[in-house]
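Data block below; observations after.
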Amino acid sequence: MSISRTAVDSYWMPFTSNRDFKESPRIIVGAEGHHYKTEDGRRIYDAFSGLWTSGLGHCHPKIVEAVQHQVAMLDYSLGFQAGSDKVFELAEKVTAIAPEGFSKIFFTNSGSESADTSLKIALGYHRARGEGHRTRLIGREKGYHGVNFGGMSVGGMTPNRKAFGASLLPCVDHLRHTWDLEHNAFSRGQPKWGTHLADDLERLAALHDGGNIAAVIVEPVSGSAGIIPPPVGYLERLREICDHYGILLIFDEVITAFGRIGEPFGAQRFGVMPDIINMAKGLTNGVIPMGAVMVRDEIYDAFMHGPKQAIELFHGYTYSGHPVAAAAGIAALDAYVEEGTFEQSRALEQHFEDELHAFKGHPLVSDIRNFGLMGGIDLVARPGEIGARGLEAHKKCFWEEDLMVRNGGDILQFSPFLNSRPEDITMTFEKVRKVLDQID
Ligand SMILES: Cc1ncc(COP(=O)(O)O)c(C=O)c1O
């Protein structure tokens with residue numbers, strides 16, 4: 001290993017079993033197209049396309065060129081009361097492919113910042129309309145909205161919350177999640193069972209009074225908790241209940257936007273229009289950190305009151321709309337359109353689903369779920385060793401099969417490149433099968 005032991009020991013890695021990792025560090029030094037390169041010269045096929053980020057492939061030449069050009073042209077621009085040309089151009093491009101009625105976008109630097117920004121916008125919107133009593137926020141069990149205080153509070157993944165319990169936001173409640181082994185195991189795409197779980201929002205509206213609820217935030221398809229697609233009719237029902245009580249519906253599309261489920265936005269795929277859409281990851285193809293929150297016009301308009309010199313939203317980041325990130329975003333969006341990426345992704349779905357569900361019946365597999373190019377295989381946990389089997393599968397894929405597979409505990413997660421070939425997907429699952437056949 002050319003990187004020093006001290007270097008490896010110095011880094012406190014995110015969402016990583018640090019002590020285990022440091023025994024066999026998996027270090028990436030380069031990437032090209034669908035492969036990572038390791039320091040010992042191996043090429044690793046990336047079955048997770050970054051971290052749901054890099055659907056167009058790594059080091060896409062047009063994005064690389066745009067970033068190189070931009071950093072030499074304008075490395076940073078003040079973003080408050082001024083802004084770079086690139087961020088306005090990107091705003092126009094994203095809203096051009098958005099669902100009708102979304103013509104305003106606010107930039108952040110990550111999915112977590114997008115989550116907290118969207119919650120603040122929802123609260124500010126109600127207050128601006130004289131409904132400041134709407135302070136309650138509703139998330140969902142198993143939801144993931146990043147790791148900042150707002151997103152963590154509305155999120156519903158227990159390990160991400162439990163160490164910080166006392167510091168979570170007050171006035172938050174959660175819908176039940178929709179995963180149920182008894183009723184919807186091994187569903188292909190959207191399960192037929194579970195629509196009624198949206199009525200949980202009626203229960204919470206009865207408990208808290210719907211008029212006190214500011215917003216409901218959900219991922220159209222839960223990603224980090226292990227790919228949980230919404231039951232048929234579920235999102236439609238949530239929309240109806242929100243409309244009834246005047247509650248804002250936020251779709252956290254940090255994963256589902258930009259072709260991951262075959263359309264620019266999941267809202268378009270499901271034909272359900274939220275009031276706010278969060279995004280990140282695919283916005284720049286993962287090249288430069290960037291996130292965004294896009295709102296329906298009436299939400300933006302509600303803030304545009306008071307004296308003209310007044311700041312309407314006291315919120316923003318030093319790096320909101322960073323010109324280099326914006327340049328990467330413009331190039332990524334151009335590539336999606338020019339290369340027909342969303343259509344390519346949609347065309348791959350059936351093959352991906354068939355290959356994934358071929359693991360049904362494997363002795364280590366307890367459930368399989370998929371939607372678009374998102375897929376999860378649940379491995380049965382070893383008694384008393386939750387996550388161990390998933391981590392072993394991840395490491396064996398990396399060291400023995402030159403394959404990067406993400407494990408979220410015992411769930412193997414798949415996020416193929418949007419421009420994969422069917423044979424890439426077949427090869428991925430052949431390798432995964434080989435590994436699963438070898439571990440106990
Ligand atoms: C739906 C969703 N929201 C928010 C986030 C957090 O994004 P980030 O890690 O960029 O803060 C993620 C990350 O995976 C996500 O999947």
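Just so we're on the same page: first chain in the structure tokens is A, next is B, and so on; residues restart at 1 for each chain, and ligands are numbered from 1 in the order they show up.
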Worksheet entry | At most 10 Å from ligand 1 (only C-alpha atoms and all ligand atoms): residue list as a ChimeraX atom specification | /A:14,51-53,108-116,143-148,151-152,155,217-225,251-257,278-281,286,289-291
Worksheet item: Which residues come within 9 Å of Ile241 in chain A, counting only C-alpha atoms, excluding same-chain residues fewer than 4 positions away, as a PyMOL selection string?
Response: chain A and resi 198-199+201-202+236-237+245-247
Using C-alpha atoms, can you write the selected residues to a file as a PDB file, in the first residue's frame?
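Okay, this is what ended up in result.pdb:
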ATOM      1  CA  ALA A 198     -51.022   6.551   3.531  1.00  0.00           C
ATOM      2  CA  ASP A 199     -54.085   6.964   5.736  1.00  0.00           C
ATOM      3  CA  LEU A 201     -51.515  10.839   7.705  1.00  0.00           C
ATOM      4  CA  GLU A 202     -55.235  11.089   8.539  1.00  0.00           C
ATOM      5  CA  GLU A 236     -51.642   9.766  -4.761  1.00  0.00           C
ATOM      6  CA  ARG A 237     -53.406   9.234  -1.428  1.00  0.00           C
ATOM      7  CA  TYR A 245     -55.577  19.877   5.176  1.00  0.00           C
ATOM      8  CA  GLY A 246     -53.434  22.458   3.357  1.00  0.00           C
ATOM      9  CA  ILE A 247     -50.238  20.544   4.193  1.00  0.00           C
TER      10      ILE A 247
END
Please identify the helix (DSSP H, G or I) residues within range 116-252 of chain A (assignment by DSSP from backbone atoms) and present them as an mmCIF file with N, CA and C atoms, in the first residue's frame.
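Result file part32.cif:
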data_model
loop_
_atom_site.group_PDB
_atom_site.id
_atom_site.type_symbol
_atom_site.label_atom_id
_atom_site.label_comp_id
_atom_site.auth_asym_id
_atom_site.auth_seq_id
_atom_site.Cartn_x
_atom_site.Cartn_y
_atom_site.Cartn_z
ATOM 1 N N ASP A 116 -32.952 20.185 5.048
ATOM 2 C CA ASP A 116 -33.196 21.223 6.054
ATOM 3 C C ASP A 116 -33.729 22.502 5.409
ATOM 4 N N THR A 117 -33.223 22.811 4.224
ATOM 5 C CA THR A 117 -33.718 24.000 3.510
ATOM 6 C C THR A 117 -35.202 23.852 3.201
ATOM 7 N N SER A 118 -35.602 22.665 2.735
ATOM 8 C CA SER A 118 -37.006 22.486 2.345
ATOM 9 C C SER A 118 -37.925 22.606 3.563
ATOM 10 N N LEU A 119 -37.479 22.099 4.701
ATOM 11 C CA LEU A 119 -38.315 22.189 5.909
ATOM 12 C C LEU A 119 -38.446 23.652 6.344
ATOM 13 N N LYS A 120 -37.343 24.390 6.247
ATOM 14 C CA LYS A 120 -37.395 25.811 6.622
ATOM 15 C C LYS A 120 -38.275 26.601 5.660
ATOM 16 N N ILE A 121 -38.191 26.274 4.382
ATOM 17 C CA ILE A 121 -39.040 26.974 3.406
ATOM 18 C C ILE A 121 -40.513 26.685 3.723
ATOM 19 N N ALA A 122 -40.816 25.441 4.070
ATOM 20 C CA ALA A 122 -42.216 25.091 4.372
ATOM 21 C C ALA A 122 -42.713 25.905 5.570
ATOM 22 N N LEU A 123 -41.904 25.987 6.611
ATOM 23 C CA LEU A 123 -42.321 26.742 7.799
ATOM 24 C C LEU A 123 -42.470 28.232 7.456
ATOM 25 N N GLY A 124 -41.486 28.745 6.700
ATOM 26 C CA GLY A 124 -41.518 30.166 6.334
ATOM 27 C C GLY A 124 -42.704 30.491 5.444
ATOM 28 N N TYR A 125 -43.051 29.572 4.576
ATOM 29 C CA TYR A 125 -44.183 29.770 3.661
ATOM 30 C C TYR A 125 -45.485 29.946 4.453
ATOM 31 N N HIS A 126 -45.695 29.041 5.405
ATOM 32 C CA HIS A 126 -46.942 29.137 6.169
ATOM 33 C C HIS A 126 -46.974 30.435 6.976
ATOM 34 N N ARG A 127 -45.840 30.772 7.544
ATOM 35 C CA ARG A 127 -45.792 32.003 8.344
ATOM 36 C C ARG A 127 -46.062 33.225 7.469
ATOM 37 N N ALA A 128 -45.476 33.216 6.270
ATOM 38 C CA ALA A 128 -45.669 34.357 5.362
ATOM 39 C C ALA A 128 -47.147 34.517 4.994
ATOM 40 N N PHE A 149 -29.772 18.342 11.495
ATOM 41 C CA PHE A 149 -30.781 18.154 12.544
ATOM 42 C C PHE A 149 -32.210 18.027 12.001
ATOM 43 N N GLY A 150 -32.543 18.824 10.993
ATOM 44 C CA GLY A 150 -33.902 18.726 10.450
ATOM 45 C C GLY A 150 -34.131 17.384 9.785
ATOM 46 N N GLY A 151 -33.224 17.048 8.878
ATOM 47 C CA GLY A 151 -33.367 15.796 8.128
ATOM 48 C C GLY A 151 -33.299 14.580 9.035
ATOM 49 N N MET A 152 -32.438 14.666 10.045
ATOM 50 C CA MET A 152 -32.327 13.546 10.979
ATOM 51 C C MET A 152 -33.643 13.389 11.761
ATOM 52 N N SER A 153 -34.248 14.518 12.115
ATOM 53 C CA SER A 153 -35.460 14.468 12.935
ATOM 54 C C SER A 153 -36.648 13.899 12.164
ATOM 55 N N VAL A 154 -36.801 14.310 10.904
ATOM 56 C CA VAL A 154 -37.926 13.765 10.124
ATOM 57 C C VAL A 154 -37.558 12.401 9.552
ATOM 58 N N THR A 158 -33.418 4.211 12.390
ATOM 59 C CA THR A 158 -33.082 4.205 13.820
ATOM 60 C C THR A 158 -31.594 4.429 14.108
ATOM 61 N N PRO A 159 -30.677 3.729 13.424
ATOM 62 C CA PRO A 159 -29.262 3.922 13.792
ATOM 63 C C PRO A 159 -28.802 5.366 13.606
ATOM 64 N N ASN A 160 -29.419 6.076 12.679
ATOM 65 C CA ASN A 160 -28.998 7.464 12.430
ATOM 66 C C ASN A 160 -29.517 8.423 13.498
ATOM 67 N N ARG A 161 -30.461 7.957 14.316
ATOM 68 C CA ARG A 161 -31.118 8.846 15.273
ATOM 69 C C ARG A 161 -30.742 8.553 16.711
ATOM 70 N N LYS A 162 -30.499 7.259 16.993
ATOM 71 C CA LYS A 162 -30.562 6.875 18.403
ATOM 72 C C LYS A 162 -29.477 7.500 19.268
ATOM 73 N N ALA A 163 -28.309 7.761 18.715
ATOM 74 C CA ALA A 163 -27.249 8.335 19.548
ATOM 75 C C ALA A 163 -27.497 9.813 19.833
ATOM 76 N N PHE A 164 -28.446 10.406 19.099
ATOM 77 C CA PHE A 164 -28.632 11.862 19.203
ATOM 78 C C PHE A 164 -30.035 12.199 19.710
ATOM 79 N N GLY A 165 -30.716 11.199 20.247
ATOM 80 C CA GLY A 165 -32.146 11.272 20.541
ATOM 81 C C GLY A 165 -32.614 12.555 21.174
ATOM 82 N N ALA A 166 -31.936 12.971 22.241
ATOM 83 C CA ALA A 166 -32.455 14.108 22.998
ATOM 84 C C ALA A 166 -32.373 15.399 22.200
ATOM 85 N N SER A 167 -31.574 15.400 21.140
ATOM 86 C CA SER A 167 -31.377 16.650 20.397
ATOM 87 C C SER A 167 -32.217 16.742 19.139
ATOM 88 N N LEU A 181 -42.915 -7.734 5.209
ATOM 89 C CA LEU A 181 -42.497 -9.038 4.657
ATOM 90 C C LEU A 181 -43.677 -9.973 4.430
ATOM 91 N N GLU A 182 -44.677 -9.850 5.303
ATOM 92 C CA GLU A 182 -45.808 -10.776 5.192
ATOM 93 C C GLU A 182 -46.649 -10.463 3.958
ATOM 94 N N HIS A 183 -46.783 -9.180 3.646
ATOM 95 C CA HIS A 183 -47.714 -8.804 2.585
ATOM 96 C C HIS A 183 -47.076 -8.387 1.272
ATOM 97 N N ASN A 184 -45.842 -7.861 1.318
ATOM 98 C CA ASN A 184 -45.321 -7.387 0.028
ATOM 99 C C ASN A 184 -43.868 -7.813 -0.265
ATOM 100 N N THR A 195 -51.382 0.481 0.153
ATOM 101 C CA THR A 195 -51.909 1.821 -0.157
ATOM 102 C C THR A 195 -52.524 2.460 1.085
ATOM 103 N N HIS A 196 -53.210 1.643 1.863
ATOM 104 C CA HIS A 196 -53.936 2.154 3.033
ATOM 105 C C HIS A 196 -52.994 2.787 4.073
ATOM 106 N N LEU A 197 -51.684 2.480 3.974
ATOM 107 C CA LEU A 197 -50.766 3.036 4.976
ATOM 108 C C LEU A 197 -50.628 4.556 4.843
ATOM 109 N N ALA A 198 -51.035 5.083 3.682
ATOM 110 C CA ALA A 198 -51.022 6.551 3.531
ATOM 111 C C ALA A 198 -52.041 7.195 4.465
ATOM 112 N N ASP A 199 -53.064 6.411 4.839
ATOM 113 C CA ASP A 199 -54.085 6.964 5.736
ATOM 114 C C ASP A 199 -53.545 7.250 7.128
ATOM 115 N N ASP A 200 -52.342 6.797 7.388
ATOM 116 C CA ASP A 200 -51.661 7.172 8.620
ATOM 117 C C ASP A 200 -51.606 8.691 8.768
ATOM 118 N N LEU A 201 -51.554 9.371 7.648
ATOM 119 C CA LEU A 201 -51.515 10.839 7.705
ATOM 120 C C LEU A 201 -52.841 11.377 8.263
ATOM 121 N N GLU A 202 -53.934 10.697 7.955
ATOM 122 C CA GLU A 202 -55.235 11.089 8.539
ATOM 123 C C GLU A 202 -55.182 10.935 10.055
ATOM 124 N N ARG A 203 -54.552 9.845 10.482
ATOM 125 C CA ARG A 203 -54.459 9.592 11.929
ATOM 126 C C ARG A 203 -53.666 10.717 12.599
ATOM 127 N N LEU A 204 -52.536 11.114 11.969
ATOM 128 C CA LEU A 204 -51.713 12.170 12.564
ATOM 129 C C LEU A 204 -52.413 13.521 12.484
ATOM 130 N N ALA A 205 -53.197 13.706 11.417
ATOM 131 C CA ALA A 205 -53.952 14.967 11.289
ATOM 132 C C ALA A 205 -55.016 15.023 12.382
ATOM 133 N N ALA A 206 -55.610 13.872 12.700
ATOM 134 C CA ALA A 206 -56.622 13.851 13.757
ATOM 135 C C ALA A 206 -55.951 14.109 15.113
ATOM 136 N N LEU A 207 -54.771 13.572 15.288
ATOM 137 C CA LEU A 207 -54.067 13.711 16.570
ATOM 138 C C LEU A 207 -53.601 15.143 16.817
ATOM 139 N N HIS A 208 -52.977 15.729 15.790
ATOM 140 C CA HIS A 208 -52.338 17.042 15.985
ATOM 141 C C HIS A 208 -53.191 18.188 15.470
ATOM 142 N N GLY A 210 -54.874 18.696 11.532
ATOM 143 C CA GLY A 210 -54.228 18.882 10.232
ATOM 144 C C GLY A 210 -53.799 20.325 10.008
ATOM 145 N N GLY A 211 -54.522 21.270 10.614
ATOM 146 C CA GLY A 211 -54.215 22.691 10.440
ATOM 147 C C GLY A 211 -52.946 23.115 11.151
ATOM 148 N N ASN A 212 -52.383 22.224 11.981
ATOM 149 C CA ASN A 212 -51.112 22.547 12.647
ATOM 150 C C ASN A 212 -49.918 21.938 11.936
ATOM 151 N N TYR A 234 -50.298 4.888 -3.272
ATOM 152 C CA TYR A 234 -49.906 5.449 -1.963
ATOM 153 C C TYR A 234 -49.581 6.944 -2.052
ATOM 154 N N LEU A 235 -48.758 7.316 -3.033
ATOM 155 C CA LEU A 235 -48.352 8.730 -3.136
ATOM 156 C C LEU A 235 -49.553 9.595 -3.512
ATOM 157 N N GLU A 236 -50.426 9.035 -4.368
ATOM 158 C CA GLU A 236 -51.642 9.766 -4.761
ATOM 159 C C GLU A 236 -52.482 10.077 -3.522
ATOM 160 N N ARG A 237 -52.591 9.071 -2.642
ATOM 161 C CA ARG A 237 -53.406 9.234 -1.428
ATOM 162 C C ARG A 237 -52.773 10.278 -0.493
ATOM 163 N N LEU A 238 -51.450 10.240 -0.370
ATOM 164 C CA LEU A 238 -50.784 11.259 0.454
ATOM 165 C C LEU A 238 -51.087 12.656 -0.077
ATOM 166 N N ARG A 239 -51.031 12.776 -1.409
ATOM 167 C CA ARG A 239 -51.304 14.076 -2.037
ATOM 168 C C ARG A 239 -52.726 14.560 -1.693
ATOM 169 N N GLU A 240 -53.682 13.634 -1.792
ATOM 170 C CA GLU A 240 -55.086 13.995 -1.505
ATOM 171 C C GLU A 240 -55.245 14.490 -0.070
ATOM 172 N N ILE A 241 -54.615 13.769 0.855
ATOM 173 C CA ILE A 241 -54.792 14.149 2.269
ATOM 174 C C ILE A 241 -54.108 15.496 2.533
ATOM 175 N N CYS A 242 -52.925 15.682 1.933
ATOM 176 C CA CYS A 242 -52.234 16.980 2.089
ATOM 177 C C CYS A 242 -53.110 18.104 1.560
ATOM 178 N N ASP A 243 -53.707 17.878 0.395
ATOM 179 C CA ASP A 243 -54.573 18.916 -0.177
ATOM 180 C C ASP A 243 -55.728 19.235 0.759
ATOM 181 N N HIS A 244 -56.281 18.192 1.332
ATOM 182 C CA HIS A 244 -57.445 18.386 2.200
ATOM 183 C C HIS A 244 -57.116 19.292 3.380
ATOM 184 N N TYR A 245 -55.925 19.117 3.962
ATOM 185 C CA TYR A 245 -55.577 19.877 5.176
ATOM 186 C C TYR A 245 -54.673 21.082 4.900
#
Discussion item. Nearest residue to Asp297 in chain A out of A:Phe371, A:Phe15, A:Tyr36, A:Phe102, using only C-alpha atoms?
Written reply: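 Of the candidates, the smallest distance to Asp297 in chain A is held by A:Phe102.
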Item to complete: Tell me, in Å to one decimal, how far CA of Ser10 in chain A is from CA of Lys395 in chain A.
Response: 21.7 Å
Worksheet item: To one decimal place, how far is CA of Ile3 in chain A from CA of Ile27 in chain A in Å?
Response: 8.9 Å
Discussion item. Based on the backbone DSSP call, show me all residues of range 128-372 of chain A assigned strand (DSSP E), as number ranges by chain.
Written reply: A: 136-140, 172-175, 213-218, 248-252, 276-279, 291-295, 365-371
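Distance annotation: of A:Thr428, A:Asp209, A:Ile330, A:Arg421, the residue with the minimal separation from Val64 in chain A is A:Ile330; atom set is only C-alpha atoms.
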